[in-house]
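Undergrad: The structure under discussion is supplied below as structure tokens; questions concerning it will follow.
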Amino acid sequence: MSLLVKRAVQGVFAALLFHRQEERGMRLIEFETRCVQQGEIHEIVTTTHSDCVAGDLINRVGFLGFAEMKCGGVIGRGDPVVIHNQVIGYVLGFDDCHFPNHYNILISTTETWTAEDLKLEVESPIMFGSGIEEG
């Protein structure tokens, strides 16, 4: 049995971003989970990096935007991330270069996607974590 059983964290995009960077220089923090509160807004970033550990640099990124959390909960490394009813990737970890304003939630994906690539709109839903059917 898992050491952590939790509910999915649901949110919606409050603002969209449309750019990529190859030398962003984000750094994975040591914590594999972060608690988020209802109403908080965090930046959602895609990356083709995977199998990283705390302290690793994350350079290849695509920016989806800022998502408002519709419920509080725990987001953790390895959580599936669902947009448009599809798993787009898995939480790689967190960068705290803008904290306490917000975390960068890094999603390991096959491409460095932006909001345009995923056809996001303001208010598009995003979900992190358990209770998600993959397939």
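Chain labels run A, B, ... following the order of the structure tokens; each chain numbers its residues from 1, and ligands are numbered from 1 in the order shown.
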Pick out the residues sitting within 7 Å of A:Glu22, and hand them over as a VMD selection string; count only C-alpha atoms, and ignore anything fewer than 5 positions along from it in its own chain.

TA: chain A and resid 59 to 61

Undergrad: What parts of chain A does DSSP call strand (DSSP E or B)? I'd like the answer as a PyMOL selection string.

TA: chain A and resi 9-16+20-21+26-27+33-36+41-47+57-58+61-69+73-76+80-83+86-95+104-108+125-128

Undergrad: I'd like the contact shell of A:Lys119 - 10 Å cut-off, only C-alpha atoms, skipping same-chain residues fewer than 4 positions apart - returned as a list in words.

TA: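 Surrounding residues, per the criterion: Leu64, Ile83, His84, Thr114, Ala115 and Ser124 of chain A.
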
Undergrad: Kindly export the residues of the current selection with all heavy atoms, as a PDB file, in the first residue's frame.

TA:
```pdb
ATOM      1  N   LEU A  64       2.990  26.716 -19.723  1.00  0.00           N
ATOM      2  CA  LEU A  64       1.548  26.611 -19.953  1.00  0.00           C
ATOM      3  C   LEU A  64       0.809  27.811 -19.397  1.00  0.00           C
ATOM      4  O   LEU A  64      -0.132  28.297 -20.010  1.00  0.00           O
ATOM      5  CB  LEU A  64       0.987  25.329 -19.332  1.00  0.00           C
ATOM      6  CG  LEU A  64       1.517  24.016 -19.906  1.00  0.00           C
ATOM      7  CD1 LEU A  64       0.847  22.834 -19.220  1.00  0.00           C
ATOM      8  CD2 LEU A  64       1.319  23.960 -21.411  1.00  0.00           C
ATOM      9  N   ILE A  83      -5.005  17.244 -18.499  1.00  0.00           N
ATOM     10  CA  ILE A  83      -5.581  18.400 -19.183  1.00  0.00           C
ATOM     11  C   ILE A  83      -6.393  17.843 -20.345  1.00  0.00           C
ATOM     12  O   ILE A  83      -5.927  16.939 -21.051  1.00  0.00           O
ATOM     13  CB  ILE A  83      -4.483  19.364 -19.681  1.00  0.00           C
ATOM     14  CG1 ILE A  83      -3.737  19.988 -18.490  1.00  0.00           C
ATOM     15  CG2 ILE A  83      -5.073  20.448 -20.577  1.00  0.00           C
ATOM     16  CD1 ILE A  83      -2.556  20.869 -18.875  1.00  0.00           C
ATOM     17  N   HIS A  84      -7.582  18.364 -20.567  1.00  0.00           N
ATOM     18  CA  HIS A  84      -8.473  17.876 -21.637  1.00  0.00           C
ATOM     19  C   HIS A  84      -8.700  16.370 -21.520  1.00  0.00           C
ATOM     20  O   HIS A  84      -8.687  15.638 -22.513  1.00  0.00           O
ATOM     21  CB  HIS A  84      -7.930  18.221 -23.023  1.00  0.00           C
ATOM     22  CG  HIS A  84      -7.794  19.679 -23.301  1.00  0.00           C
ATOM     23  ND1 HIS A  84      -8.804  20.591 -23.080  1.00  0.00           N
ATOM     24  CD2 HIS A  84      -6.749  20.393 -23.785  1.00  0.00           C
ATOM     25  CE1 HIS A  84      -8.400  21.800 -23.423  1.00  0.00           C
ATOM     26  NE2 HIS A  84      -7.151  21.710 -23.830  1.00  0.00           N
ATOM     27  N   THR A 114       3.496  24.442 -24.771  1.00  0.00           N
ATOM     28  CA  THR A 114       2.998  25.736 -24.298  1.00  0.00           C
ATOM     29  C   THR A 114       1.469  25.680 -24.323  1.00  0.00           C
ATOM     30  O   THR A 114       0.876  24.700 -24.797  1.00  0.00           O
ATOM     31  CB  THR A 114       3.482  26.893 -25.194  1.00  0.00           C
ATOM     32  OG1 THR A 114       2.825  26.818 -26.459  1.00  0.00           O
ATOM     33  CG2 THR A 114       5.000  26.867 -25.362  1.00  0.00           C
ATOM     34  N   ALA A 115       0.831  26.753 -23.865  1.00  0.00           N
ATOM     35  CA  ALA A 115      -0.632  26.817 -23.863  1.00  0.00           C
ATOM     36  C   ALA A 115      -1.197  26.645 -25.269  1.00  0.00           C
ATOM     37  O   ALA A 115      -2.234  26.000 -25.459  1.00  0.00           O
ATOM     38  CB  ALA A 115      -1.093  28.135 -23.249  1.00  0.00           C
ATOM     39  N   SER A 124      -9.528  26.728 -18.561  1.00  0.00           N
ATOM     40  CA  SER A 124      -9.342  25.299 -18.849  1.00  0.00           C
ATOM     41  C   SER A 124      -8.946  24.588 -17.560  1.00  0.00           C
ATOM     42  O   SER A 124      -8.105  25.082 -16.808  1.00  0.00           O
ATOM     43  CB  SER A 124      -8.240  25.082 -19.886  1.00  0.00           C
ATOM     44  OG  SER A 124      -8.639  25.466 -21.172  1.00  0.00           O
TER      45      SER A 124
END
```

Undergrad: Quick one: everything within 9 Å of A:Gly39, counting only C-alpha atoms, minus sequence neighbours fewer than 6 positions away in the same chain. Send it as a PyMOL selection string.

TA: chain A and resi 11+68-72

Undergrad: Mind dumping the selected residues with all heavy atoms as an mmCIF file, in the first residue's frame?

TA:
```cif
data_model
loop_
_atom_site.group_PDB
_atom_site.id
_atom_site.type_symbol
_atom_site.label_atom_id
_atom_site.label_comp_id
_atom_site.auth_asym_id
_atom_site.auth_seq_id
_atom_site.Cartn_x
_atom_site.Cartn_y
_atom_site.Cartn_z
ATOM 1 N N GLY A 11 -7.691 22.377 -10.522
ATOM 2 C CA GLY A 11 -7.508 23.807 -10.716
ATOM 3 C C GLY A 11 -7.986 24.230 -12.084
ATOM 4 O O GLY A 11 -8.450 23.397 -12.886
ATOM 5 N N GLU A 68 -5.026 28.395 -10.935
ATOM 6 C CA GLU A 68 -5.612 28.611 -9.612
ATOM 7 C C GLU A 68 -6.116 27.279 -9.080
ATOM 8 O O GLU A 68 -6.849 26.561 -9.769
ATOM 9 C CB GLU A 68 -6.768 29.595 -9.685
ATOM 10 C CG GLU A 68 -7.443 29.806 -8.350
ATOM 11 C CD GLU A 68 -8.676 30.699 -8.425
ATOM 12 O OE1 GLU A 68 -9.054 31.119 -9.530
ATOM 13 O OE2 GLU A 68 -9.260 30.957 -7.358
ATOM 14 N N MET A 69 -5.721 26.947 -7.864
ATOM 15 C CA MET A 69 -6.144 25.702 -7.239
ATOM 16 C C MET A 69 -7.577 25.843 -6.727
ATOM 17 O O MET A 69 -7.881 26.752 -5.953
ATOM 18 C CB MET A 69 -5.205 25.318 -6.100
ATOM 19 C CG MET A 69 -3.742 25.179 -6.516
ATOM 20 S SD MET A 69 -3.467 23.973 -7.821
ATOM 21 C CE MET A 69 -2.489 24.921 -8.969
ATOM 22 N N LYS A 70 -8.449 24.957 -7.162
ATOM 23 C CA LYS A 70 -9.857 25.008 -6.768
ATOM 24 C C LYS A 70 -10.112 24.272 -5.457
ATOM 25 O O LYS A 70 -11.197 24.391 -4.882
ATOM 26 C CB LYS A 70 -10.748 24.440 -7.875
ATOM 27 C CG LYS A 70 -10.808 25.344 -9.085
ATOM 28 C CD LYS A 70 -11.354 26.690 -8.687
ATOM 29 C CE LYS A 70 -11.637 27.589 -9.849
ATOM 30 N NZ LYS A 70 -12.125 28.899 -9.416
ATOM 31 N N CYS A 71 -9.126 23.507 -5.007
ATOM 32 C CA CYS A 71 -9.228 22.846 -3.704
ATOM 33 C C CYS A 71 -7.818 22.723 -3.149
ATOM 34 O O CYS A 71 -6.847 22.703 -3.895
ATOM 35 C CB CYS A 71 -9.882 21.471 -3.815
ATOM 36 S SG CYS A 71 -8.941 20.259 -4.747
ATOM 37 N N GLY A 72 -7.728 22.656 -1.844
ATOM 38 C CA GLY A 72 -6.438 22.417 -1.231
ATOM 39 C C GLY A 72 -6.079 20.947 -1.330
ATOM 40 O O GLY A 72 -6.938 20.092 -1.531
#
```

Undergrad: Within 12 Å of A:Val45, counting only C-alpha atoms, which residues show up once you throw out same-chain ones fewer than 4 positions away? Write them as a ChimeraX atom specification, please.

TA: /A:16-21,24,26,49,58-67,81,88-95,103-109,111-115
